[in-house]
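K.L.:
Sharing work-v7.txt here; it has compact mmCIF, C-alpha atoms.
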# COMPACT_ATOMS: atom_id res chain seq x y z
CA MET K 3 -42.16 -18.41 107.65
CA ASN K 4 -39.81 -19.17 104.75
CA ARG K 5 -42.56 -18.45 102.22
CA ARG K 6 -43.35 -15.15 103.93
CA ARG K 7 -39.66 -14.17 104.06
CA LYS K 8 -39.19 -14.96 100.36
CA ARG K 9 -42.28 -12.93 99.51
CA ARG K 10 -40.96 -9.99 101.54
CA GLN K 11 -37.53 -10.20 99.87
CA ARG K 12 -39.18 -10.27 96.46
CA TYR K 13 -41.13 -7.10 97.22
CA MET K 14 -38.00 -5.40 98.63
CA LYS K 15 -35.95 -5.91 95.48
CA PRO K 16 -35.61 -2.79 93.32
CA PRO K 17 -37.46 -3.02 89.98
CA THR K 18 -35.51 -3.89 86.84
CA VAL K 19 -35.97 -0.33 85.55
CA ALA K 20 -34.05 0.99 88.56
CA TYR K 21 -31.17 -1.39 87.86
CA ILE K 22 -31.08 -0.28 84.24
CA ALA K 23 -31.10 3.39 85.26
CA ILE K 24 -28.31 2.86 87.78
CA CYS K 25 -26.17 1.11 85.17
CA ALA K 26 -27.04 3.49 82.34
CA PHE K 27 -26.33 6.77 84.13
CA PRO K 28 -22.50 6.52 84.23
CA VAL K 29 -22.45 5.31 80.63
CA ILE K 30 -24.55 8.30 79.55
CA ILE K 31 -22.46 10.95 81.33
CA THR K 32 -19.21 9.39 80.09
CA VAL K 33 -20.36 9.13 76.47
CA LEU K 34 -21.77 12.66 76.70
CA PHE K 35 -18.40 13.96 77.83
CA TYR K 36 -16.56 12.34 74.93
CA ILE K 37 -19.11 13.73 72.48
CA LEU K 38 -18.98 17.28 73.84
CA ARG K 39 -15.28 17.55 74.71
CA SER K 40 -14.47 18.88 71.23
CA ASP K 41 -16.55 22.00 72.00
CA PRO K 42 -14.38 24.41 74.05
CA LYS K 43 -17.34 26.61 75.01
CA THR K 44 -19.28 23.70 76.51
CA MET K 45 -16.20 22.48 78.35
CA SER K 46 -15.51 25.99 79.62
CA ARG K 47 -19.07 26.32 80.97
CA ALA K 48 -18.85 22.90 82.60
CA PHE K 49 -15.49 23.69 84.18
CA SER K 50 -16.57 27.06 85.54
CA SER K 51 -20.22 26.35 86.39
CA ILE K 52 -20.13 22.71 87.50
CA SER K 53 -16.58 21.71 88.33
CA ALA K 54 -15.34 24.88 90.06
CA PRO K 55 -18.21 25.22 92.59
CA VAL K 56 -18.10 21.52 93.49
CA ARG K 57 -14.31 21.46 93.86
CA GLY K 58 -14.39 24.72 95.81
CA PHE K 59 -16.95 23.33 98.23
CA MET K 60 -14.94 20.14 98.68
CA SER K 61 -11.76 22.18 99.29
CA LEU K 62 -13.56 24.11 102.01
CA LEU K 63 -14.96 20.92 103.51
CA THR K 64 -11.66 19.04 103.55
CA SER K 65 -9.66 22.03 104.83
CA VAL K 66 -11.10 21.42 108.31
CA TYR K 67 -8.66 18.60 109.04
CA PRO K 68 -4.89 18.51 108.41
CA PHE K 69 -4.57 15.03 106.91
CA SER K 70 -5.15 14.02 103.30
CA LEU K 71 -8.59 12.54 102.71
CA MET K 72 -7.36 11.49 99.27
CA GLU K 73 -4.96 8.98 100.81
CA ILE K 74 -7.71 7.50 102.99
CA ILE K 75 -10.08 7.20 100.02
CA LEU K 76 -7.46 5.57 97.80
CA CYS K 77 -6.41 3.14 100.55
CA ALA K 78 -10.04 2.25 101.26
CA ALA K 79 -10.71 1.80 97.54
CA GLY K 80 -7.70 -0.49 97.20
CA ILE K 81 -8.74 -2.61 100.19
CA TRP K 82 -12.34 -2.78 98.93
CA LEU K 83 -11.17 -3.90 95.47
CA ILE K 84 -8.98 -6.66 96.90
CA CYS K 85 -11.79 -7.88 99.17
CA TYR K 86 -14.29 -7.71 96.30
CA ILE K 87 -12.09 -9.86 94.06
CA ILE K 88 -11.46 -12.38 96.85
CA ARG K 89 -15.19 -12.51 97.65
CA THR K 90 -15.96 -13.08 93.98
CA ILE K 91 -13.54 -15.99 93.81
CA VAL K 92 -15.02 -17.52 96.97
CA LEU K 93 -18.59 -17.24 95.65
CA ILE K 94 -17.62 -18.82 92.34
CA ILE K 95 -15.99 -21.75 94.15
CA ARG K 96 -18.75 -22.34 96.71
CA ARG K 97 -21.98 -21.62 94.86
CA GLN K 98 -23.77 -22.86 91.79
CA GLY K 99 -24.35 -20.65 88.77
CA LYS K 100 -20.71 -19.70 88.55
CA LEU K 101 -21.03 -17.85 85.24
CA ARG K 102 -24.00 -15.85 86.51
CA ILE K 103 -22.08 -14.82 89.64
CA LEU K 104 -19.03 -13.81 87.60
CA ILE K 105 -21.09 -11.73 85.17
CA ARG K 106 -23.13 -10.03 87.90
CA ARG K 107 -20.13 -9.06 90.01
CA SER K 108 -18.08 -8.03 86.96
CA VAL K 109 -20.90 -5.73 85.84
CA THR K 110 -21.09 -4.24 89.36
CA LEU K 111 -17.36 -3.54 89.29
CA ALA K 112 -17.53 -2.05 85.79
CA VAL K 113 -20.47 0.21 86.70
CA THR K 114 -18.64 1.42 89.81
CA ALA K 115 -15.54 2.22 87.74
CA LEU K 116 -17.67 4.04 85.18
CA TYR K 117 -19.26 6.16 87.91
CA VAL K 118 -15.83 7.20 89.13
CA TRP K 119 -14.49 7.91 85.65
CA GLY K 120 -17.61 9.66 84.37
CA LEU K 121 -17.78 11.99 87.37
CA PHE K 122 -14.05 12.64 87.16
CA CYS K 123 -14.38 13.61 83.50
CA TRP K 124 -16.91 16.34 84.32
CA LEU K 125 -15.17 17.34 87.53
CA TRP K 126 -11.61 17.69 86.17
CA ASN K 127 -10.93 16.37 82.68
CA CYS K 128 -13.21 18.99 81.12
CA GLY K 129 -10.63 21.57 82.20
CA TYR K 130 -8.14 20.12 79.71
CA TYR K 131 -10.50 20.92 76.83
CA ALA K 132 -11.58 24.38 77.99
CA PRO K 133 -9.51 27.47 77.02
CA GLY K 134 -6.49 27.40 79.30
CA PHE K 135 -4.76 30.04 81.38
CA ALA K 136 -2.40 31.07 78.56
CA GLU K 137 -5.16 31.48 75.98
CA THR K 138 -7.47 33.28 78.41
CA ASN K 139 -4.75 35.77 79.37
CA GLY K 140 -3.42 36.53 75.90
CA PHE K 141 -0.21 34.49 75.74
CA SER K 142 0.82 33.65 72.21
CA GLY K 143 1.80 30.07 72.98
CA GLY K 144 4.41 30.12 70.21
CA GLY K 145 8.06 29.18 70.19
CA VAL K 146 10.88 31.29 71.63
CA THR K 147 14.26 32.38 70.31
CA VAL K 148 17.54 31.20 71.78
CA GLU K 149 18.35 34.81 72.63
CA ASP K 150 15.16 35.24 74.65
CA LEU K 151 15.71 31.88 76.32
CA THR K 152 19.24 32.93 77.26
CA THR K 153 18.04 36.27 78.65
CA THR K 154 15.39 34.64 80.82
CA THR K 155 17.77 31.94 82.04
CA ARG K 156 20.34 34.53 83.05
CA LEU K 157 17.65 36.49 84.89
CA PHE K 158 16.58 33.40 86.86
CA ALA K 159 20.21 32.53 87.58
CA GLU K 160 20.87 36.02 88.96
CA LYS K 161 17.76 35.98 91.15
CA ALA K 162 18.52 32.46 92.40
CA ASN K 163 22.09 33.50 93.26
CA GLU K 164 20.80 36.52 95.12
CA LEU K 165 18.14 34.67 97.11
CA ALA K 166 20.25 31.56 97.81
CA THR K 167 22.20 33.46 100.46
CA LEU K 168 19.06 34.79 102.16
CA VAL K 169 17.48 31.44 103.09
CA LYS K 170 18.55 29.48 106.18
CA ARG K 171 21.37 26.98 105.76
CA ASP K 172 23.25 24.65 108.06
CA GLU K 173 26.98 24.70 108.76
CA GLU K 174 27.71 22.75 105.59
CA GLY K 175 25.64 25.11 103.47
CA HIS K 176 22.67 22.81 102.92
CA TYR K 177 19.17 24.30 102.78
CA ALA K 178 17.70 24.35 106.31
CA GLU K 179 14.36 26.20 106.22
CA ASP K 180 11.53 24.76 108.34
CA GLN K 181 8.94 23.05 106.12
CA ARG K 182 6.13 23.72 108.57
CA ALA K 183 6.32 27.45 107.86
CA PHE K 184 5.65 26.81 104.15
CA PHE K 185 2.19 25.43 104.87
CA LYS K 186 1.19 28.52 106.84
CA THR K 187 2.40 30.89 104.13
CA SER K 188 1.16 28.90 101.12
CA THR K 189 -2.38 30.34 101.09
CA LEU K 190 -0.98 33.89 100.74
CA VAL K 191 1.41 33.43 97.82
CA TYR K 192 -1.20 34.19 95.15
CA SER K 193 -2.18 37.59 96.58
CA ASN K 194 0.14 39.62 94.33
CA LEU K 195 -0.31 37.52 91.20
CA ALA K 196 -4.11 37.75 91.51
CA LEU K 197 -3.81 41.54 91.06
CA GLU K 198 -2.30 40.94 87.61
CA PHE K 199 -4.48 37.96 86.70
CA PRO K 200 -7.96 38.43 88.29
CA GLY K 201 -8.95 34.89 87.31
CA LEU K 202 -6.65 33.68 90.10
CA ASP K 203 -8.36 35.85 92.71
CA LYS K 204 -9.95 32.94 94.55
CA ARG K 205 -9.51 31.43 97.96
CA THR K 206 -6.88 28.75 98.35
CA TYR K 207 -6.59 26.16 101.11
CA LYS K 208 -3.47 24.80 102.77
CA PRO K 209 -1.81 21.89 100.96
CA LYS K 210 -1.89 18.54 102.74
CA PRO K 211 1.35 16.73 103.70
CA MET K 212 1.12 13.18 102.41
CA MET K 213 1.50 10.27 104.80
CA PHE K 214 2.76 8.15 101.89
CA SER K 215 5.36 10.70 100.83
CA TRP K 216 7.99 7.95 100.82
CA LEU K 217 5.98 6.08 98.19
CA MET K 218 5.60 9.23 96.10
CA SER K 219 9.37 9.67 96.25
CA ARG K 220 9.96 6.12 95.07
CA THR K 221 7.69 6.70 92.07
CA GLY K 222 9.25 10.10 91.32
CA TYR K 223 6.37 12.47 92.08
CA THR K 224 6.32 15.59 94.25
CA GLY K 225 2.61 16.33 94.57
CA VAL K 226 -0.89 15.58 93.35
CA TYR K 227 -4.17 17.47 93.16
CA PHE K 228 -7.27 15.36 93.85
CA ALA K 229 -10.37 16.85 92.26
CA PHE K 230 -12.85 14.70 94.22
CA THR K 231 -11.74 16.24 97.52
CA GLY K 232 -10.29 19.52 96.20
CA GLU K 233 -7.04 18.83 98.05
CA ALA K 234 -3.57 19.94 97.02
CA ASN K 235 -1.33 17.14 98.32
CA VAL K 236 2.46 17.44 98.53
CA ASN K 237 5.33 15.04 99.06
CA THR K 238 7.20 16.28 102.15
CA LYS K 239 10.17 13.91 101.74
CA THR K 240 11.61 15.70 98.71
CA PRO K 241 14.29 18.41 99.06
CA ALA K 242 12.73 21.30 100.97
CA PHE K 243 13.92 24.04 98.62
CA PHE K 244 11.51 22.86 95.90
CA LEU K 245 8.58 22.30 98.28
CA PRO K 246 7.20 25.89 98.23
CA ALA K 247 7.06 25.94 94.41
CA THR K 248 5.46 22.48 94.46
CA MET K 249 2.79 23.80 96.80
CA ALA K 250 2.16 26.74 94.49
CA HIS K 251 1.87 24.33 91.54
CA GLU K 252 -0.76 22.18 93.26
CA LEU K 253 -2.61 25.30 94.43
CA ALA K 254 -2.71 26.43 90.79
CA HIS K 255 -4.71 23.27 90.07
CA GLN K 256 -6.94 24.13 93.03
CA LEU K 257 -7.54 27.53 91.41
CA GLY K 258 -8.63 25.85 88.19
CA VAL K 259 -5.43 25.79 86.12
CA ALA K 260 -5.65 22.30 84.65
CA ALA K 261 -2.79 21.91 82.15
CA GLU K 262 0.49 20.89 83.77
CA ASP K 263 2.69 23.33 81.85
CA GLU K 264 0.38 26.21 82.80
CA ALA K 265 0.14 25.09 86.43
CA ASN K 266 3.94 24.95 86.54
CA PHE K 267 4.18 28.44 85.05
CA VAL K 268 1.53 29.90 87.36
CA GLY K 269 3.06 28.20 90.40
CA ILE K 270 6.52 29.56 89.61
CA LEU K 271 5.11 33.02 88.88
CA ALA K 272 3.12 33.06 92.13
CA SER K 273 6.22 32.03 94.06
CA VAL K 274 8.58 34.64 92.60
CA THR K 275 6.02 37.45 93.05
CA SER K 276 4.93 36.42 96.55
CA GLU K 277 7.46 38.56 98.47
CA TYR K 278 8.17 35.57 100.73
CA THR K 279 11.86 34.75 100.40
CA GLU K 280 11.46 30.97 100.73
CA PHE K 281 8.83 30.89 97.99
CA GLU K 282 10.71 33.35 95.77
CA TYR K 283 13.88 31.26 95.94
CA SER K 284 12.00 28.04 95.34
CA GLY K 285 10.22 29.52 92.31
CA TYR K 286 13.38 30.91 90.75
CA LEU K 287 15.28 27.68 91.44
CA LEU K 288 12.57 25.47 89.92
CA GLY K 289 12.18 27.77 86.92
CA LEU K 290 15.96 27.83 86.50
CA SER K 291 16.11 24.04 86.40
CA TYR K 292 13.64 23.93 83.49
CA LEU K 293 15.29 26.84 81.68
CA LEU K 294 18.76 25.30 82.00
CA ASN K 295 17.48 22.01 80.60
CA ALA K 296 16.07 23.84 77.59
CA LEU K 297 19.23 25.94 77.15
CA PHE K 298 21.42 22.82 77.32
CA ILE K 299 19.69 21.58 74.16
CA ALA K 300 19.41 24.97 72.44
CA ASP K 301 22.96 26.29 72.98
CA TYR K 302 25.42 24.18 74.96
CA ASP K 303 28.14 26.84 75.05
CA VAL K 304 25.80 29.42 76.59
CA TRP K 305 24.54 26.77 79.02
CA VAL K 306 28.12 26.20 80.18
CA ASP K 307 28.53 29.94 80.76
CA VAL K 308 25.25 30.36 82.67
CA ASN K 309 25.77 27.19 84.68
CA GLY K 310 29.25 28.38 85.61
CA SER K 311 27.80 31.64 86.94
CA LEU K 312 25.74 29.89 89.61
CA CYS K 313 26.84 30.45 93.20
CA ASP K 314 27.96 27.59 95.44
CA GLU K 315 24.63 27.53 97.31
CA VAL K 316 22.59 27.04 94.14
CA LYS K 317 24.98 24.37 92.86
CA ARG K 318 24.77 22.60 96.22
CA ASP K 319 20.96 22.61 96.12
CA PHE K 320 20.94 21.20 92.60
CA LYS K 321 23.40 18.51 93.67
CA ASP K 322 21.32 17.68 96.77
CA ASN K 323 18.29 17.32 94.53
CA ARG K 324 20.10 14.94 92.17
CA ASP K 325 21.47 12.92 95.09
CA PHE K 326 18.01 12.61 96.62
CA TRP K 327 16.34 11.28 93.48
CA ASP K 328 19.26 8.94 92.82
CA SER K 329 18.84 7.56 96.33
CA GLN K 330 15.20 6.72 95.58
CA LYS K 331 16.24 4.33 92.83
CA THR K 332 18.29 2.04 95.07
CA PHE K 333 18.02 0.22 98.41
CA ASN K 334 20.49 -0.66 101.14
CA THR K 335 19.07 -3.59 103.11
CA GLY K 336 22.38 -5.30 103.75
CA SER K 337 21.51 -8.05 101.30
CA GLU K 338 22.54 -7.84 97.66
CA PHE K 339 19.63 -10.08 96.67
CA PHE K 340 17.00 -7.89 98.32
CA ASN K 341 18.74 -4.72 97.14
CA ASN K 342 18.48 -5.88 93.53
CA LEU K 343 14.94 -7.18 94.03
CA PHE K 344 13.57 -3.96 95.55
CA THR K 345 15.48 -1.83 93.06
CA ASN K 346 14.03 -3.71 90.09
CA VAL K 347 10.52 -3.65 91.57
CA THR K 348 10.77 0.10 92.23
CA LYS K 349 12.03 0.73 88.70
CA THR K 350 9.19 -1.31 87.21
CA VAL K 351 6.54 0.39 89.34
CA SER K 352 7.95 3.85 88.59
CA GLU K 353 8.04 3.19 84.83
CA THR K 354 4.50 1.79 84.94
CA VAL K 355 3.19 4.83 86.81
CA ASP K 356 4.97 7.14 84.35
CA ASN K 357 3.54 5.30 81.35
CA VAL K 358 0.00 5.30 82.77
CA TYR K 359 0.16 8.99 83.68
CA ASP K 360 1.77 9.86 80.35
CA GLY K 361 -1.01 8.00 78.53
CA TYR K 362 -3.66 9.70 80.66
CA LEU K 363 -2.33 13.20 79.91
CA LYS K 364 -2.01 12.50 76.19
CA ALA K 365 -5.58 11.17 76.15
CA GLN K 366 -6.74 14.42 77.77
CA ASN K 367 -5.47 16.77 75.06
CA GLN K 368 -1.98 17.14 76.61
CA VAL K 369 0.08 16.07 73.62
CA LEU K 370 3.42 16.23 75.47
CA GLY K 371 2.27 13.88 78.22
CA ILE K 372 4.49 13.99 81.29
CA ARG K 373 6.87 16.25 79.37
CA SER K 374 4.21 18.96 79.73
CA TYR K 375 5.83 20.04 83.01
CA GLY K 376 8.91 21.30 81.17
CA ALA K 377 6.79 23.07 78.53
CA CYS K 378 6.37 25.95 80.99
CA VAL K 379 9.68 27.27 79.58
CA ASN K 380 7.93 28.95 76.64
CA LEU K 381 5.50 30.72 78.99
CA LEU K 382 8.31 31.82 81.31
CA VAL K 383 10.35 33.23 78.42
CA GLU K 384 7.35 35.02 76.94
CA TYR K 385 6.34 36.54 80.25
CA PHE K 386 9.77 37.67 81.47
CA ASN K 387 10.74 39.09 78.07
Will you turn the file into structure tokens for me?
P.N.:
Amino acid sequence: MNRRRKRRQRYMKPPTVAYIAICAFPVIITVLFYILRSDPKTMSRAFSSISAPVRGFMSLLTSVYPFSLMEIILCAAGIWLICYIIRTIVLIIRRQGKLRILIRRSVTLAVTALYVWGLFCWLWNCGYYAPGFAETNGFSGGGVTVEDLTTTTRLFAEKANELATLVKRDEEGHYAEDQRAFFKTSTLVYSNLALEFPGLDKRTYKPKPMMFSWLMSRTGYTGVYFAFTGEANVNTKTPAFFLPATMAHELAHQLGVAAEDEANFVGILASVTSEYTEFEYSGYLLGLSYLLNALFIADYDVWVDVNGSLCDEVKRDFKDNRDFWDSQKTFNTGSEFFNNLFTNVTKTVSETVDNVYDGYLKAQNQVLGIRSYGACVNLLVEYFN
């Protein structure tokens, strides 16, 4: 019986050629991407002909249910990785041929990681090397004058002041719109902008509220687009007045706008042209925050003047936003030891995430890294002037 079982197992094992092919495939597609990424035309074809249809199909598929599949996949991947490492350690301790076991399981892990990275490169990273939204639609992409920056900032300040009194607020004047309504409206906000930019005339799917929003807040992020599932995921624990513009930003990624500065610009533009008051205010407020930051550096005296022109409601929202993010940096457990411990851990994790993401963006042709988000200022000034 044992001899027969061993013979059967030997026949059931895949041939060596199959193993080589399985291991070689992710290496080939990854190397191919790095060779071809310097060719914008090839990247553009890949992004429009391969990436867009796959991501669109996944968006349609995942739109059936309200929860974020991304979170489930990432949690499952984390659990699998921990179990895999523990299992590897156990096998090395219990069995003979320790080096062989370590090499075999390390290769399996490396091949799995290469599959994920290689597919991700062709599914999303190619968009960073294809002609972007600004280039495709004739934006110059050059610098702006202080005068034009000032004009645009004043425009956004005026519109924010006007709209700040039209949104719901509580007795103390804090923003009080219902977040649930944003999700229903979000798929309609690109209707007007798509008339001006036909490339955006595609179907969008409702953003997903993240179950781990509290963790996103602790690391300082408001949303994430996941190319493998086509989902636009948003942090629902952040101040609600920025949530509509965040949704529009993540939906810009869903529409194929890869670069962060361009997605920020498109998201703000979609919001302010949507004719939905909550989205308009959110777009003008978010754009104003970036413009004021740029004006503070360019001309402090003008910044003081524009900042002083903001109404109480806008100032209150900006203060609520600062207070919220400050609160995410500290803990109040009742114990000074644990407060310091959790605060230091959170700071370390947040800085690590920022550094990793900054490095990722810079490696994908985004020279400003995480500062790319604020680079939307040039596009805003060019468009509104």
K.L.:
If you measure from atom CA of K:Met212 to atom CA of K:Thr240, what distance in Å do you get, rounded to one decimal?
P.N.:
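If I compute the distance from atom CA of K:Met212 to atom CA of K:Thr240, I get 11.4 Å.
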K.L.:
Separation of atom CA of K:Arg171 and atom CA of K:Phe386, in Å?
P.N.:
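That distance, rounded to one decimal, is 29.0 Å.
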K.L.:
With distances taken over all atoms listed in the file, which of K:Arg156, K:His255, K:Arg96, K:Lys170 is nearest to K:Asn309?
P.N.:
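Answer, going by the shortest atom-to-atom distance: K:Arg156.
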K.L.:
Which is closer to K:Phe267 than all the others in K:Ser40, K:Ser329, K:Thr350, K:Asn380, using only C-alpha atoms?
P.N.:
K:Asn380
K.L.:
Name the residues within 8 Å of (17.0, 29.5, 86.1), counting all atoms listed in the file in the file's coordinates, and put them as a ChimeraX atom specification.
P.N.:
/K:154-159,162,286-294
K.L.:
Ranking K:Phe122, K:Tyr130, K:Phe230, K:Tyr302 by minimum distance to K:Gly58 and counting all atoms listed in the file, which one comes first?
P.N.:
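Selected residue with least distance to K:Gly58: K:Phe230.
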K.L.:
Find the spatial neighbours of K:Leu343, counting only C-alpha atoms, within a cut-off of 12 Å - ignore same-chain residues fewer than 4 positions away - and output them as a list in words.
P.N.:
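Counting only the stated atoms, we get Lys331, Thr332, Phe333, Asn334, Thr335, Ser337, Glu338, Phe339, Val347, Thr348, Lys349 and Thr350 of chain K.
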K.L.:
Could N, CA and C atoms be built for stretch 232-259 of chain K and written out as a short mmCIF file (atom, residue, chain, number, x, y, z; two decimals), keeping the file's coordinate frame?
P.N.:
data_model
loop_
_atom_site.label_atom_id
_atom_site.label_comp_id
_atom_site.auth_asym_id
_atom_site.auth_seq_id
_atom_site.Cartn_x
_atom_site.Cartn_y
_atom_site.Cartn_z
N GLY K 232 -10.79 18.15 96.33
CA GLY K 232 -10.29 19.52 96.20
C GLY K 232 -8.99 19.76 96.94
N GLU K 233 -8.26 18.71 97.25
CA GLU K 233 -7.04 18.83 98.05
C GLU K 233 -5.79 18.94 97.19
N ALA K 234 -4.91 19.85 97.59
CA ALA K 234 -3.57 19.94 97.02
C ALA K 234 -2.64 19.16 97.94
N ASN K 235 -2.16 18.02 97.49
CA ASN K 235 -1.33 17.14 98.32
C ASN K 235 0.12 17.23 97.89
N VAL K 236 1.05 17.30 98.86
CA VAL K 236 2.46 17.44 98.53
C VAL K 236 3.30 16.38 99.23
N ASN K 237 4.36 16.00 98.54
CA ASN K 237 5.33 15.04 99.06
C ASN K 237 6.33 15.81 99.93
N THR K 238 6.34 15.53 101.22
CA THR K 238 7.20 16.28 102.15
C THR K 238 8.59 15.65 102.32
N LYS K 239 8.86 14.57 101.62
CA LYS K 239 10.17 13.91 101.74
C LYS K 239 11.17 14.41 100.70
N THR K 240 10.71 15.18 99.74
CA THR K 240 11.61 15.70 98.71
C THR K 240 12.42 16.86 99.28
N PRO K 241 13.50 17.27 98.58
CA PRO K 241 14.29 18.41 99.06
C PRO K 241 13.42 19.63 99.33
N ALA K 242 13.62 20.25 100.50
CA ALA K 242 12.73 21.30 100.97
C ALA K 242 12.76 22.56 100.11
N PHE K 243 13.85 22.80 99.40
CA PHE K 243 13.92 24.04 98.62
C PHE K 243 12.96 24.06 97.44
N PHE K 244 12.48 22.91 96.98
CA PHE K 244 11.51 22.86 95.90
C PHE K 244 10.07 22.76 96.43
N LEU K 245 9.90 22.51 97.72
CA LEU K 245 8.58 22.30 98.28
C LEU K 245 7.65 23.51 98.13
N PRO K 246 8.11 24.75 98.40
CA PRO K 246 7.20 25.89 98.23
C PRO K 246 6.66 26.01 96.80
N ALA K 247 7.51 25.85 95.80
CA ALA K 247 7.06 25.94 94.41
C ALA K 247 6.12 24.79 94.06
N THR K 248 6.36 23.62 94.66
CA THR K 248 5.46 22.48 94.46
C THR K 248 4.08 22.79 95.03
N MET K 249 4.06 23.39 96.21
CA MET K 249 2.79 23.80 96.80
C MET K 249 2.05 24.77 95.89
N ALA K 250 2.78 25.75 95.37
CA ALA K 250 2.16 26.74 94.49
C ALA K 250 1.62 26.08 93.23
N HIS K 251 2.33 25.07 92.73
CA HIS K 251 1.87 24.33 91.54
C HIS K 251 0.54 23.62 91.83
N GLU K 252 0.47 22.90 92.93
CA GLU K 252 -0.76 22.18 93.26
C GLU K 252 -1.90 23.14 93.58
N LEU K 253 -1.58 24.29 94.16
CA LEU K 253 -2.61 25.30 94.43
C LEU K 253 -3.12 25.92 93.13
N ALA K 254 -2.26 25.96 92.10
CA ALA K 254 -2.71 26.43 90.79
C ALA K 254 -3.80 25.53 90.25
N HIS K 255 -3.64 24.21 90.45
CA HIS K 255 -4.71 23.27 90.07
C HIS K 255 -5.97 23.56 90.89
N GLN K 256 -5.79 23.83 92.17
CA GLN K 256 -6.94 24.13 93.03
C GLN K 256 -7.68 25.37 92.55
N LEU K 257 -6.95 26.30 91.95
CA LEU K 257 -7.54 27.53 91.41
C LEU K 257 -8.14 27.34 90.02
N GLY K 258 -8.01 26.14 89.48
CA GLY K 258 -8.63 25.85 88.19
C GLY K 258 -7.70 25.86 87.00
N VAL K 259 -6.39 25.88 87.22
CA VAL K 259 -5.43 25.79 86.12
C VAL K 259 -5.15 24.31 85.90
#
